[in-house]
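Q: Let me give you the structure first, and then I'll get to my questions.
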Amino acid sequence: MSLIPVTILTGFLGSGKTTLLKRILSESHGQRIAVIENEFGEENIDNDILVADTQEQIIQMSNGCVCCTIREDLRATLADLAKQRKAGTLTFDRVVIETTGLADPGPVAQTFFMDDEIAELYLLDAIVTLVDAKHGNQQLNDRQEARRQVGFADQIFLSKTDLVTADEAEALSHRIKHMNPRAPQQRVNFGDVPLQVFLDIRGFNLNAKLDIDPDFLKEDGHGHGHHHHHHDHGHDHDCGHDHCDHPHHHAHDDDVKSFVYKATKPFNATKLEDFLGSMVQIYGPKMLRYKGVLHVAGMDRKVIFQGVHQLMGSDMGPKWAAGESKVSKMVFIGIDLPQDLFKAGLDQCLN
């Protein structure tokens with residue numbers, strides 16, 4: 001039986017997660033989706049809960065969707081849903097997990113890698129993050145949870161852009177791009193999201209169909225990767241754009257940052273594994289997402305690797321095409337990661 005795809009939906013309090021989910025749960029789209037509300041009792045300040053005034057853990061929606069609130073841990077809920085699906089008491093094709101607005105999505109994502117039973121049943125498709133255009137800048141300034149949610153994202157939706165000026169929306173989008181250059185951004189109104197940009201994003205896919213290979217550096221302006229290489233001095237390096245005139249753009253220096261590493265020489269597989277292993281040991285809690293396509297000595301195929309926190313995986317990708325330039329490209333997104341140390345160490349791993 002094929003694996004059940006899972007989307008993690010995250011975003012700070014008030015960013016519009018519940019609005020988006022209500023739309024998904026009520027629309028006739030032909031998809032049978034199980035939605036898991038990952039609530040933390042008193043801590044949740046969102047009064048607009050999907051499943052209201054009921055003792056039932058699982059509610060069947062009129063359009064074939066299923067909604068359940070976690071009363072225990074996520075692992076047990078996922079196992080229970082899969083068991084009911086197998087027994088035929090519940091019918092669904094995929095799962096969406098809504099995290100509480102104060103959550104770090106990392107531990108939720110790790111559930112799909114650390115637990116063998118869950119990994120055999122489910123496939124983590126992507127982490128989707130909603131950012132409130134009206135309050136997003138302030139939330140990113142004040143709350144690390146908001147910055148982490150952006151750092152983890154495979155797809156970012158900017159909500160409430162109708163409440164800000166075009167320049168303000170552009171400045172926020174620019175800021176987010178520096179924090180996470182690998183996540184495409186899309187503006188949404190009142191949860192009006194086309195399902196094809198929400199589902200089957202394959203953000204966690206390690207297999208041959210890898211969208212980051214040609215495109216994942218395209219957000220850097222000109223495809224050269226040059227202006228992600230020196231982030232220590234804030235965002236001044238890239239002020240050929242009008243929207244850099246916004247004063248708030250210089251008033252902060254986000255601790256969640258991204259940097260890109262590129263190399264034309266091949267990697268020594270053993271050295272690289274040792275180096276990345278030691279970096280993950282030391283900096284794992286601060287490494288939100290990292291991903292890359294690698295040229296490894298002695299291999300005619302691309303090596304695809306990615307990770308979340310301390311969990312790292314790699315897989316063989318497609319063969320290098322005839323005449324294709326064999327370039328390793330890696331992106332690291334994390335909290336105050338020592339870029340110079342990473343880059344010097346990676347240089348040492350080249351043949």
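Each chain in the structure tokens gets a letter, A, B and so on, in the order shown; residues start at 1 in every chain, and ligands are counted from 1 in the order they appear.
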May I have the residues within 8 Å of A:Glu37 as a short mmCIF file (atom, residue, chain, number, x, y, z; two decimals) with N, CA and C atoms, in the first residue's frame, using only C-alpha atoms and disregarding those fewer than 6 positions away in the same chain?
A:
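This is the output file result_14.cif:
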data_model
loop_
_atom_site.label_atom_id
_atom_site.label_comp_id
_atom_site.auth_asym_id
_atom_site.auth_seq_id
_atom_site.Cartn_x
_atom_site.Cartn_y
_atom_site.Cartn_z
N CYS A 67 -11.78 15.31 10.41
CA CYS A 67 -11.06 16.24 11.27
C CYS A 67 -10.90 15.64 12.64
N CYS A 68 -9.71 15.70 13.20
CA CYS A 68 -9.57 15.20 14.56
C CYS A 68 -8.65 16.10 15.38
N THR A 69 -8.93 16.18 16.65
CA THR A 69 -8.13 16.98 17.57
C THR A 69 -7.27 16.05 18.39
N ILE A 70 -6.00 16.36 18.49
CA ILE A 70 -5.10 15.48 19.25
C ILE A 70 -5.36 15.63 20.73
N ILE A 97 -1.57 18.43 9.05
CA ILE A 97 -1.43 18.67 10.48
C ILE A 97 -1.31 20.17 10.69
N GLU A 98 -2.24 20.75 11.45
CA GLU A 98 -2.12 22.17 11.80
C GLU A 98 -1.44 22.27 13.15
N THR A 99 -0.28 22.91 13.18
CA THR A 99 0.40 23.10 14.47
C THR A 99 -0.17 24.33 15.16
N THR A 100 -0.03 24.39 16.48
CA THR A 100 -0.43 25.59 17.18
C THR A 100 0.48 26.74 16.74
#
Q: Atom CA of A:Phe332 and atom CA of A:Ile156 are how many Å apart?
A: 17.2 Å
Q: Do a neighbour search on A:Trp320 at 12 Å with only C-alpha atoms, toss out local chain neighbours closer than 6 positions, and write the hits as an MDAnalysis selection string.
A: chainID A and resid 208 213 293:296 299:303 326:328
Q: Using only C-alpha atoms, which residues sit within 7 Å of A:Gln306 once same-chain residues fewer than 6 positions away are excluded, as a PyMOL selection string?
A: chain A and resi 290-292+312-314
Q: Which one is closest to A:Ile127: A:Gln155, A:Gln144, A:Gln281, A:Thr165? Count only C-alpha atoms.
A: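 For A:Ile127, the nearest of the candidates is A:Gln155.
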Q: So how many Å separate atom CA of A:Glu120 and atom CA of A:Phe198, to one decimal?
A: 23.1 Å
Q: By how many Å are atom CA of A:Gly101 and atom CA of A:Phe12 apart?
A: 4.3 Å
Q: Quick one: everything within 12 Å of A:Asp192, counting only C-alpha atoms, minus sequence neighbours fewer than 3 positions away in the same chain. Send it as an MDAnalysis selection string.
A: chainID A and resid 16:24 27 157:160 186:189 195:198
Q: Would you export the selected residues with N, CA and C atoms as a compact mmCIF listing (two decimals), in the first residue's frame, please?
A:
# COMPACT_ATOMS: atom_id res chain seq x y z
N GLY A 16 -3.87 33.01 9.83
CA GLY A 16 -4.93 32.57 8.91
C GLY A 16 -4.96 31.07 8.68
N LYS A 17 -4.31 30.29 9.54
CA LYS A 17 -4.28 28.83 9.35
C LYS A 17 -5.70 28.24 9.41
N THR A 18 -6.48 28.68 10.40
CA THR A 18 -7.81 28.10 10.57
C THR A 18 -8.72 28.48 9.40
N THR A 19 -8.58 29.70 8.91
CA THR A 19 -9.37 30.12 7.74
C THR A 19 -9.06 29.24 6.54
N LEU A 20 -7.78 28.99 6.33
CA LEU A 20 -7.35 28.17 5.21
C LEU A 20 -7.87 26.73 5.37
N LEU A 21 -7.79 26.21 6.59
CA LEU A 21 -8.25 24.84 6.83
C LEU A 21 -9.76 24.73 6.68
N LYS A 22 -10.48 25.73 7.14
CA LYS A 22 -11.94 25.69 7.01
C LYS A 22 -12.33 25.59 5.54
N ARG A 23 -11.60 26.32 4.73
CA ARG A 23 -11.88 26.29 3.29
C ARG A 23 -11.61 24.89 2.74
N ILE A 24 -10.49 24.32 3.13
CA ILE A 24 -10.14 22.98 2.65
C ILE A 24 -11.16 21.94 3.14
N GLU A 27 -14.76 22.71 1.16
CA GLU A 27 -14.86 22.83 -0.30
C GLU A 27 -15.02 21.45 -0.95
N PHE A 157 3.03 31.19 2.36
CA PHE A 157 1.88 31.99 1.92
C PHE A 157 1.85 33.28 2.74
N LEU A 158 1.81 34.42 2.05
CA LEU A 158 1.65 35.71 2.73
C LEU A 158 0.16 36.03 2.76
N SER A 159 -0.40 36.11 3.97
CA SER A 159 -1.82 36.41 4.10
C SER A 159 -2.00 37.89 4.48
N LYS A 160 -3.21 38.39 4.32
CA LYS A 160 -3.59 39.75 4.72
C LYS A 160 -2.77 40.84 4.01
N GLN A 186 3.82 32.85 -2.04
CA GLN A 186 2.58 33.16 -2.76
C GLN A 186 1.68 33.97 -1.86
N ARG A 187 1.00 34.97 -2.43
CA ARG A 187 0.09 35.79 -1.62
C ARG A 187 -1.31 35.19 -1.66
N VAL A 188 -1.97 35.15 -0.51
CA VAL A 188 -3.29 34.53 -0.45
C VAL A 188 -4.27 35.46 0.28
N ASN A 189 -5.52 35.38 -0.12
CA ASN A 189 -6.56 36.16 0.56
C ASN A 189 -7.60 35.23 1.15
N LEU A 195 -5.31 24.21 -4.38
CA LEU A 195 -4.79 23.01 -3.72
C LEU A 195 -3.46 22.54 -4.30
N GLN A 196 -3.22 22.83 -5.60
CA GLN A 196 -1.99 22.32 -6.19
C GLN A 196 -0.73 23.02 -5.67
N VAL A 197 -0.87 24.20 -5.04
CA VAL A 197 0.33 24.81 -4.44
C VAL A 197 0.40 24.51 -2.94
N PHE A 198 -0.57 23.76 -2.45
CA PHE A 198 -0.61 23.40 -1.03
C PHE A 198 -0.26 21.93 -0.82
Q: Please determine, counting only C-alpha atoms, which residue among A:Val260, A:Arg32, A:Asp336, A:His174 has the shortest atom-to-atom distance to A:Arg85.
A: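 For A:Arg85, the nearest of the given residues is A:Arg32.
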Q: Which residue is closest to A:Asp253? Choose from A:Arg175, A:Met287, A:Ala166, A:Gly88 and count only C-alpha atoms.
A: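 Looking at the shortest contact to A:Asp253, the residue is A:Arg175.
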Q: Per DSSP on the backbone, what are the alpha helix (DSSP H) residues of stretch 77-188 of chain A, as a count of residues only?
A: 57
Q: Return the single residue from A:Lys257, A:Lys271, A:Lys262, A:Lys329 that is closest to A:Lys177, with distances computed using only C-alpha atoms.
A: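 Looking at the shortest contact to A:Lys177, the residue is A:Lys257.
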Q: Using only C-alpha atoms for the distances, tell me which of A:Pro5, A:Pro338, A:Gly11, A:Gly317 is nearest to A:Ala133.
A: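 Ranking A:Pro5, A:Pro338, A:Gly11, A:Gly317 by distance to A:Ala133, first place goes to A:Gly11.
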